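**Student:** Starting off with a structure, shown below.
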Amino acid sequence: MEKENKTELTPSESTNEEASLETKSNEEISNSKENTETPNTSENSNNDSKKEDDPIYNKQHFVESFSYDSECLNNIEEERKKFYKFSKSQNIIKWVVALIGLGVIAFACLGLPTIFVDDQGKALSWVFPTMIGLVVISLAAILAYTFVLKRILRKRMSAYFYNYYQNMSEYIFDKKNYKEFNLQKPDKIAKIQFDENYIYEGVAEVGSRGLTDFVYKDRNIMVCDCSAQVKDSKRIYPIFVGKYLIGPSKYEGDERIVVYIKGDDRGIYPTNVNDLECVHEDDDLNVYTNNKNWKKVINTTVMRRLKAIKTGSQLVDLTLSTYNGHVYICMGYDDPIMMLPFDHAFDPNPIKEYKNDLLLVCKLIEALSK
């Protein structure tokens with residue numbers, strides 16, 4: 001399975017501009033519905049997408065501390081504290097270096113020509129070459145330190161990300177329910193691995209991180225944090241942010257079967273189903289397909305597993321697509337799960353909810369692959 005993707009997670013000069021999945025929050029997804037033609041949903045007006053959507057630094061009201069009933073969850077909080085402390089210290093050092101450099105430049109430009117003068121009040125001959133030299137050296141020093149700082153931050157941020165996903169995976173994939181898991185390096189999927197689900201139309205960019213392979217009851221499944229963006233004539237905007245899974249399915253047909261589990265108005269219906277018939281619709285979910293024998297795939301057991309998955313405050317919605325022996329699942333999640341904690345205490349409750357959701361989804365995959 002190819003593990004490349006052009007979307008990178010790289011830090012910028014300040015920690016307030018750390019790289020993310022290059023997507024927007026689910027609130028922005030809800031706001032962007034006017035750009036997606038989806039069945040059974042009302043169109044909402046939206047503002048231009050903001051670039052400052054970093055899941056690490058999204059500002060909300062946060063509780064100052066939490067209790068952790070797992071060593072893995074506690075490790076996430078401890079790593080967060082270390083990374084936050086390091087980032088703050090580097091930011092202070094950066095400003096000190098900048099102020100010193102600017103001070104030297106100010107002295108060179110204003111102080112030298114007025115202090116070192118001859119009897120006629122003119123600057124000595126060596127003053128201007130020295131002034132130019134100090135300015136050049138100071139600017140070079142500031143730029144060099146900024147470059148070095150970016151490399152240091154990138155390295156530390158990558159380590160923080162890896163530790164976060166490693167600890168989260170150790171908590172999620174407990175030995176009671178899962179056989180094993182493996183956090184991949186590089187931890188991204190190729191764009192084609194998302195495109196092949198054929199759930200959303202016109203996906204222009206895909207960002208991902210935290211790619212993890214795991215085994216549930218002898219089923220090999222992969223999951224990652226993922227985002228998908230579509231592009232119109234004016235801008236690019238998100239259509240999906242959440243957890244993306246690929247697993248096995250007993251259905252070998254090439255006629256797609258798409259199931260959408262409904263949520264609230266934050267959710268977005270699948271947009272690539274205009275060529276499919278809506279063969280089932282109720283208060284909980286819709287089924288789209290041209291396969292007349294779809295009930296053999298979405299049988300009573302599978303339907304029961306689908307109904308067991310409940311959307312709510314965290315799980316926004318869920319879309320499933322199955323064909324050619326694979327099942328692709330997009331679990332839409334809100335910010336508390338998709339953001340990595342930085343300047344606030346790590347809240348373990350959304351992760352606990354995701355753990356329960358994932359187990360239900362794995363049971364669904366088990367039913368689809370029997």
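Every chain in the structure tokens takes a letter, A first, then B, and so on in the order presented; its residues are numbered from 1, and the ligands are numbered from 1 following the presented order.
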Could you pull out the residues in region 286-338 of chain A that DSSP calls strand (DSSP E) from the backbone, as a VMD selection string?
**Tutor:** chain A and resid 286 to 289 315 to 323 326 to 333
**Student:** Can you write just those residues out, N, CA and C atoms, as a CSV table (one decimal), in the first residue's frame?
**Tutor:**
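The result, stored in part28.csv:
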```csv
chain,number,residue,atom,x,y,z
A,286,ASN,N,-29.2,6.5,5.1
A,286,ASN,CA,-29.6,6.3,3.7
A,286,ASN,C,-28.7,5.3,3.0
A,287,VAL,N,-29.2,4.6,2.1
A,287,VAL,CA,-28.4,3.6,1.3
A,287,VAL,C,-28.5,4.0,-0.2
A,288,TYR,N,-27.4,4.1,-0.9
A,288,TYR,CA,-27.4,4.5,-2.3
A,288,TYR,C,-26.7,3.4,-3.1
A,289,THR,N,-27.3,2.9,-4.1
A,289,THR,CA,-26.7,1.9,-5.0
A,289,THR,C,-27.5,1.6,-6.2
A,315,LEU,N,-18.9,12.4,17.1
A,315,LEU,CA,-19.1,11.8,15.8
A,315,LEU,C,-20.1,12.6,15.0
A,316,VAL,N,-19.7,13.3,14.0
A,316,VAL,CA,-20.6,14.2,13.3
A,316,VAL,C,-21.5,13.4,12.3
A,317,ASP,N,-20.9,12.5,11.6
A,317,ASP,CA,-21.7,11.6,10.7
A,317,ASP,C,-20.7,10.5,10.2
A,318,LEU,N,-21.2,9.6,9.5
A,318,LEU,CA,-20.4,8.5,9.0
A,318,LEU,C,-20.9,8.1,7.6
A,319,THR,N,-19.9,7.9,6.7
A,319,THR,CA,-20.2,7.5,5.3
A,319,THR,C,-19.4,6.2,5.0
A,320,LEU,N,-20.1,5.3,4.4
A,320,LEU,CA,-19.4,4.0,4.1
A,320,LEU,C,-19.6,3.7,2.6
A,321,SER,N,-18.6,3.2,1.9
A,321,SER,CA,-18.6,2.8,0.5
A,321,SER,C,-17.9,1.5,0.4
A,322,THR,N,-18.6,0.5,-0.2
A,322,THR,CA,-18.0,-0.8,-0.4
A,322,THR,C,-18.2,-1.3,-1.8
A,323,TYR,N,-17.1,-1.8,-2.4
A,323,TYR,CA,-17.1,-2.5,-3.7
A,323,TYR,C,-15.8,-3.1,-3.9
A,326,HIS,N,-13.5,-4.3,-0.8
A,326,HIS,CA,-13.0,-3.3,0.2
A,326,HIS,C,-14.2,-2.5,0.7
A,327,VAL,N,-14.0,-2.0,1.9
A,327,VAL,CA,-14.9,-1.0,2.5
A,327,VAL,C,-14.2,0.2,2.9
A,328,TYR,N,-14.7,1.4,2.6
A,328,TYR,CA,-14.0,2.6,2.9
A,328,TYR,C,-15.0,3.4,3.8
A,329,ILE,N,-14.5,3.9,4.9
A,329,ILE,CA,-15.3,4.5,5.9
A,329,ILE,C,-14.8,5.9,6.3
A,330,CYS,N,-15.6,6.9,6.2
A,330,CYS,CA,-15.3,8.3,6.6
A,330,CYS,C,-16.1,8.6,7.9
A,331,MET,N,-15.4,8.7,9.0
A,331,MET,CA,-16.0,9.1,10.2
A,331,MET,C,-15.8,10.5,10.5
A,332,GLY,N,-16.8,11.4,10.3
A,332,GLY,CA,-16.6,12.8,10.5
A,332,GLY,C,-16.6,13.1,12.0
A,333,TYR,N,-15.5,13.9,12.4
A,333,TYR,CA,-15.4,14.2,13.8
A,333,TYR,C,-15.2,15.7,14.0
```
**Student:** Any chance you could tabulate, as CSV, the residues of region 222-317 of chain A at most 12 Å from region 175-184 of chain A with each one's nearest atom pair and distance in Å to one decimal, using only C-alpha atoms, in chain and rising number order?
**Tutor:**
```
residue,atom,partner,partner_atom,distance
A:Met222,CA,A:Phe181,CA,9.2
A:Val223,CA,A:Leu183,CA,9.7
A:Cys224,CA,A:Leu183,CA,9.6
```
**Student:** Taking the DSSP secondary structure from the backbone, can you list the residues of region 85-188 of chain A that are helix (DSSP H, G or I), as a count of residues only?
**Tutor:** 77
**Student:** Compile the contact shell of Tyr84 (chain A) as a CSV table (one decimal) with N, CA and C atoms, in the first residue's frame: residues with an atom at most 8 Å away, counting only C-alpha atoms, same-chain residues fewer than 3 positions apart removed.
**Tutor:**
```csv
chain,number,residue,atom,x,y,z
A,80,ARG,N,2.5,16.9,26.1
A,80,ARG,CA,2.0,18.2,25.7
A,80,ARG,C,2.7,19.3,26.5
A,81,LYS,N,2.8,19.0,27.8
A,81,LYS,CA,3.4,20.0,28.7
A,81,LYS,C,4.9,20.3,28.3
A,87,SER,N,8.2,25.1,23.3
A,87,SER,CA,7.8,26.1,22.3
A,87,SER,C,7.8,27.5,22.8
A,88,LYS,N,7.4,27.7,24.1
A,88,LYS,CA,7.4,29.0,24.7
A,88,LYS,C,8.8,29.5,24.9
A,342,PHE,N,-2.3,21.7,22.8
A,342,PHE,CA,-1.1,22.4,22.9
A,342,PHE,C,-1.1,23.3,24.1
A,343,ASP,N,-1.8,24.4,24.1
A,343,ASP,CA,-1.8,25.4,25.2
A,343,ASP,C,-2.9,25.2,26.2
```
**Student:** In Å, how far is it from CA of Asn272 (chain A) to CA of Glu353 (chain A)?
**Tutor:**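 Rounded to one decimal, the two atoms are 28.9 Å apart.
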**Student:** Any idea what's packed within 9 Å of region 344-352 of chain A, counting only C-alpha atoms, ignoring anything in its chain fewer than 4 positions away? Could you give it as a list of chain:residue names?
**Tutor:**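 So the residues in contact are A:Phe62, A:Val63, A:Glu64, A:Ser65, A:Phe66, A:Ser67, A:Tyr68, A:Leu73, A:Asn74, A:Ile76, A:Glu77, A:Arg80, A:Lys81, A:Met168, A:Tyr171, A:Ile172, A:Gln314, A:Pro336, A:Ile337, A:Leu340, A:Asn356, A:Asp357.
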**Student:** Do a neighbour search on Lys94 (chain A) at 9 Å with only C-alpha atoms, toss out local chain neighbours closer than 6 positions, and write the hits as a list in words.
**Tutor:**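 Non-adjacent residues within range: Ile142, Tyr145, Thr146 and Leu149 of chain A.
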**Student:** Give me the residues within 6 Å of Asp225 (chain A) as a list in words, counting only C-alpha atoms and dropping any in the same chain fewer than 5 places off.
**Tutor:**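 Selected residues are Ser208, Arg209, Gly210, Gly242 and Lys243 of chain A.
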**Student:** Include N, CA and C atoms and write out the residues we just selected as a short mmCIF file (atom, residue, chain, number, x, y, z; two decimals), in the first residue's frame.
**Tutor:**
```
data_model
loop_
_atom_site.label_atom_id
_atom_site.label_comp_id
_atom_site.auth_asym_id
_atom_site.auth_seq_id
_atom_site.Cartn_x
_atom_site.Cartn_y
_atom_site.Cartn_z
N SER A 208 -3.33 14.00 5.53
CA SER A 208 -3.49 12.89 6.48
C SER A 208 -2.30 12.83 7.42
N ARG A 209 -2.49 12.14 8.53
CA ARG A 209 -1.41 11.88 9.49
C ARG A 209 -1.88 10.78 10.44
N GLY A 210 -0.94 10.23 11.18
CA GLY A 210 -1.28 9.21 12.17
C GLY A 210 -1.73 7.90 11.55
N GLY A 242 -11.90 14.04 9.58
CA GLY A 242 -12.22 12.98 10.54
C GLY A 242 -11.28 11.80 10.43
N LYS A 243 -11.76 10.64 10.83
CA LYS A 243 -11.00 9.40 10.78
C LYS A 243 -11.39 8.64 9.50
#
```
**Student:** Hey, can you check how far CA of Ile93 (chain A) sits from CA of Ala159 (chain A)?
**Tutor:**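 Rounded to one decimal, the two atoms are 21.0 Å apart.
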**Student:** What lies within 7 Å of region 290-294 of chain A using only C-alpha atoms, ignoring chain neighbours under 4 positions off, as an mmCIF file with N, CA and C atoms, in the first residue's frame?
**Tutor:**
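Produced file around.cif, reproduced below:
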```cif
data_model
loop_
_atom_site.group_PDB
_atom_site.id
_atom_site.type_symbol
_atom_site.label_atom_id
_atom_site.label_comp_id
_atom_site.auth_asym_id
_atom_site.auth_seq_id
_atom_site.Cartn_x
_atom_site.Cartn_y
_atom_site.Cartn_z
ATOM 1 N N GLU A 255 -20.380 -2.508 -8.478
ATOM 2 C CA GLU A 255 -21.409 -1.488 -8.285
ATOM 3 C C GLU A 255 -21.364 -1.022 -6.833
ATOM 4 N N LEU A 276 -26.351 7.188 -8.420
ATOM 5 C CA LEU A 276 -26.865 6.050 -7.680
ATOM 6 C C LEU A 276 -28.301 6.309 -7.231
ATOM 7 N N GLU A 277 -29.036 5.241 -7.031
ATOM 8 C CA GLU A 277 -30.405 5.354 -6.547
ATOM 9 C C GLU A 277 -30.433 5.234 -5.032
ATOM 10 N N ILE A 298 -25.956 -5.488 2.560
ATOM 11 C CA ILE A 298 -26.435 -4.762 3.749
ATOM 12 C C ILE A 298 -27.567 -5.612 4.341
#
```
**Student:** Kindly give the distance, in Å, that separates CA of Ile268 (chain A) and CA of Thr311 (chain A), rounded to a single decimal.
**Tutor:**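 Straight-line distance from CA of Ile268 (chain A) to CA of Thr311 (chain A) works out to 12.8 Å.
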**Student:** Would you mind telling me which residue in A:Leu124, A:Ile246, A:Ile152, A:Leu134 lies nearest to Glu196 (chain A) when using only C-alpha atoms?
**Tutor:** A:Ile246
**Student:** Would you mind telling me which residue in A:Leu368, A:Val206, A:Leu211, A:Val148 lies nearest to Val297 (chain A) when using only C-alpha atoms?
**Tutor:**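 Closest residue, counting only C-alpha atoms: A:Leu368.
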**Student:** Give the answer as one residue: which of A:Val97, A:Ala123, A:Ile189, A:Met303 has the shortest atom-to-atom distance to Ala140 (chain A), using only C-alpha atoms?
**Tutor:**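 Nearest candidate to Ala140 (chain A) out of A:Val97, A:Ala123, A:Ile189, A:Met303: A:Val97.
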